[in-house]
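Novice: Mind having a look at this structure? Questions to follow.
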Amino acid sequence: DACFLTFVVELLIRIFVEQAHLLKSLWNRMDIGIVILGVVEYSLQWFGPGLVGFGIIRVVRLGRLLRLLRVLRLFSVLKELHRLIQMMGSCFKILFWSVLLLLLVMTIWAVIAVELVNPLVQDLADAGAWANCDRCRRSFSSVFMANLTFFQTVVAGDAWGTMAVPVIEAHPELALVFIGSLMTL
């Protein structure tokens, strides 16, 4: 692999030039880690997969993704790009907590739906309301299934009319559950 060979040659030159100052830079330490993972990967390929399980090889191959981080070093001279990457990194924390909050609120609505909507959905399914829908009967049968249904209908906006409209037509009071979940998710 020419790319890996380039990494090794560059690292050897850097070891020769920087010597004792090599480990002071985070980029140099990352390069050393990438080269070590590459050597491990090629060693595992050379000696055959019979020595270790395929799981370890997959983990080592994920180390290849670290090579992409090296590209960031090339763009460090572009201040705007560096600032944009920093802002994206800080947004990930906010997005993570937002997704957790979304899942919490959706799970609360799912618990309510399992208790209030599921018995009525079962009655409607027995009456033949969803003859062509295999999933409709079990859409609110558990908290997981209700979460999946809310994600499908509210977050993704798919098949709102398939589940919600027949239930609301039969039991208008359940519009509070569907509209409440729609407004809070």
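Residue numbering restarts at 1 in every chain; chains get A, B, ... in the order shown in the structure tokens, and ligands count up from 1 in that same order.
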List the spatial neighbours of stretch 1-18 of chain A as JSON, numbers by chain - criterion: any atom at most 10 Å away, only C-alpha atoms, same-chain residues fewer than 5 positions off excluded.

Specialist: {"A": [23, 24, 28, 31, 32, 34, 35, 36, 38, 39, 42, 64, 67]}

Novice: Please produce a file of those selected residues containing N, CA and C atoms, as a PDB file, in the first residue's frame.

Specialist:
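part06.pdb, written as the output of this step:
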```
ATOM      1  N   LEU A  23       8.085  13.664  20.204  1.00  0.00           N
ATOM      2  CA  LEU A  23       6.880  13.336  20.968  1.00  0.00           C
ATOM      3  C   LEU A  23       6.197  14.557  21.573  1.00  0.00           C
ATOM      4  N   LYS A  24       6.732  15.733  21.356  1.00  0.00           N
ATOM      5  CA  LYS A  24       6.115  16.935  21.914  1.00  0.00           C
ATOM      6  C   LYS A  24       4.876  17.361  21.135  1.00  0.00           C
ATOM      7  N   ASN A  28       2.530  14.416  15.756  1.00  0.00           N
ATOM      8  CA  ASN A  28       3.551  13.377  15.636  1.00  0.00           C
ATOM      9  C   ASN A  28       3.149  12.118  16.396  1.00  0.00           C
ATOM     10  N   ASP A  31       0.619  10.373  14.346  1.00  0.00           N
ATOM     11  CA  ASP A  31       1.266   9.696  13.220  1.00  0.00           C
ATOM     12  C   ASP A  31       1.922   8.390  13.664  1.00  0.00           C
ATOM     13  N   ILE A  32       2.565   8.418  14.823  1.00  0.00           N
ATOM     14  CA  ILE A  32       3.193   7.196  15.344  1.00  0.00           C
ATOM     15  C   ILE A  32       2.127   6.134  15.597  1.00  0.00           C
ATOM     16  N   ILE A  34      -0.789   5.854  14.105  1.00  0.00           N
ATOM     17  CA  ILE A  34      -1.289   5.379  12.813  1.00  0.00           C
ATOM     18  C   ILE A  34      -0.324   4.362  12.206  1.00  0.00           C
ATOM     19  N   VAL A  35       0.948   4.662  12.270  1.00  0.00           N
ATOM     20  CA  VAL A  35       1.938   3.741  11.704  1.00  0.00           C
ATOM     21  C   VAL A  35       1.965   2.433  12.492  1.00  0.00           C
ATOM     22  N   ILE A  36       1.866   2.508  13.813  1.00  0.00           N
ATOM     23  CA  ILE A  36       1.852   1.281  14.623  1.00  0.00           C
ATOM     24  C   ILE A  36       0.630   0.440  14.288  1.00  0.00           C
ATOM     25  N   GLY A  38      -0.969   0.454  11.490  1.00  0.00           N
ATOM     26  CA  GLY A  38      -0.743  -0.087  10.149  1.00  0.00           C
ATOM     27  C   GLY A  38       0.182  -1.289  10.162  1.00  0.00           C
ATOM     28  N   VAL A  39       1.239  -1.211  10.966  1.00  0.00           N
ATOM     29  CA  VAL A  39       2.164  -2.345  11.074  1.00  0.00           C
ATOM     30  C   VAL A  39       1.449  -3.556  11.659  1.00  0.00           C
ATOM     31  N   TYR A  42      -0.914  -4.982   8.895  1.00  0.00           N
ATOM     32  CA  TYR A  42      -0.195  -5.726   7.865  1.00  0.00           C
ATOM     33  C   TYR A  42       0.436  -6.998   8.435  1.00  0.00           C
ATOM     34  N   ARG A  64      -7.347   3.008  10.285  1.00  0.00           N
ATOM     35  CA  ARG A  64      -7.124   3.703   9.017  1.00  0.00           C
ATOM     36  C   ARG A  64      -7.862   5.037   8.977  1.00  0.00           C
ATOM     37  N   ARG A  67      -6.068   8.199   9.653  1.00  0.00           N
ATOM     38  CA  ARG A  67      -5.280   8.834   8.597  1.00  0.00           C
ATOM     39  C   ARG A  67      -5.997  10.073   8.066  1.00  0.00           C
TER      40      ARG A  67
END
```

Novice: Could you find all residues in chain A that DSSP calls helix (DSSP H, G or I) from the backbone, and write them as a PyMOL selection string?

Specialist: chain A and resi 2-24+26-47+54-77+79-116+118-126+136-138+143-155+160-170+172-184

Novice: Hey, which of A:Thr153, A:Glu80, A:Ser181, A:Gly89 ends up closest to A:Ile112? Count only C-alpha atoms.

Specialist: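 Closest candidate: A:Ser181.
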
Novice: What is the atom CA of A:Gly128 to atom CA of A:Ala156 distance in Å?

Specialist: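 Interatomic distance, atom CA of A:Gly128 to atom CA of A:Ala156: 26.3 Å.
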
Novice: For A:Gln152, which residue out of A:Ser139, A:Gly180, A:Trp27, A:Asn118 is the nearest one, using only C-alpha atoms?

Specialist: A:Ser139

Novice: Could you make a table, as a Markdown table, of the residues of stretch 65-151 of chain A that have an atom within 12 Å of an atom of stretch 170-177 of chain A, each with its nearest atom pair and distance in Å to one decimal, counting only C-alpha atoms, in chain and number order?

Specialist:
```
| residue | atom | partner | partner_atom | distance |
| --- | --- | --- | --- | --- |
| A:Met106 | CA | A:Val177 | CA | 11.4 |
| A:Ile108 | CA | A:Val177 | CA | 10.8 |
| A:Trp109 | CA | A:Val177 | CA | 7.4 |
| A:Ala110 | CA | A:Val177 | CA | 9.5 |
| A:Val111 | CA | A:Val177 | CA | 10.8 |
| A:Ile112 | CA | A:Val177 | CA | 7.7 |
| A:Ala113 | CA | A:Val177 | CA | 7.1 |
| A:Val114 | CA | A:Val177 | CA | 10.8 |
| A:Glu115 | CA | A:Val177 | CA | 11.1 |
| A:Leu116 | CA | A:Leu174 | CA | 8.0 |
| A:Val117 | CA | A:Leu174 | CA | 7.2 |
| A:Asn118 | CA | A:Leu174 | CA | 10.9 |
| A:Pro119 | CA | A:His171 | CA | 11.6 |
| A:Leu120 | CA | A:His171 | CA | 8.1 |
| A:Val121 | CA | A:Ala170 | CA | 9.6 |
| A:Asp123 | CA | A:Ala170 | CA | 10.2 |
| A:Leu124 | CA | A:Ala170 | CA | 8.2 |
| A:Ala125 | CA | A:Ala170 | CA | 11.7 |
| A:Ala127 | CA | A:Ala170 | CA | 11.4 |
| A:Ala129 | CA | A:Ala170 | CA | 10.1 |
| A:Ala146 | CA | A:Val177 | CA | 11.9 |
| A:Phe150 | CA | A:Val177 | CA | 10.7 |
```

Novice: Rounded to one decimal, what separation in Å do you get between atom CA of A:Leu185 and atom CA of A:Ser90?

Specialist: 23.2 Å
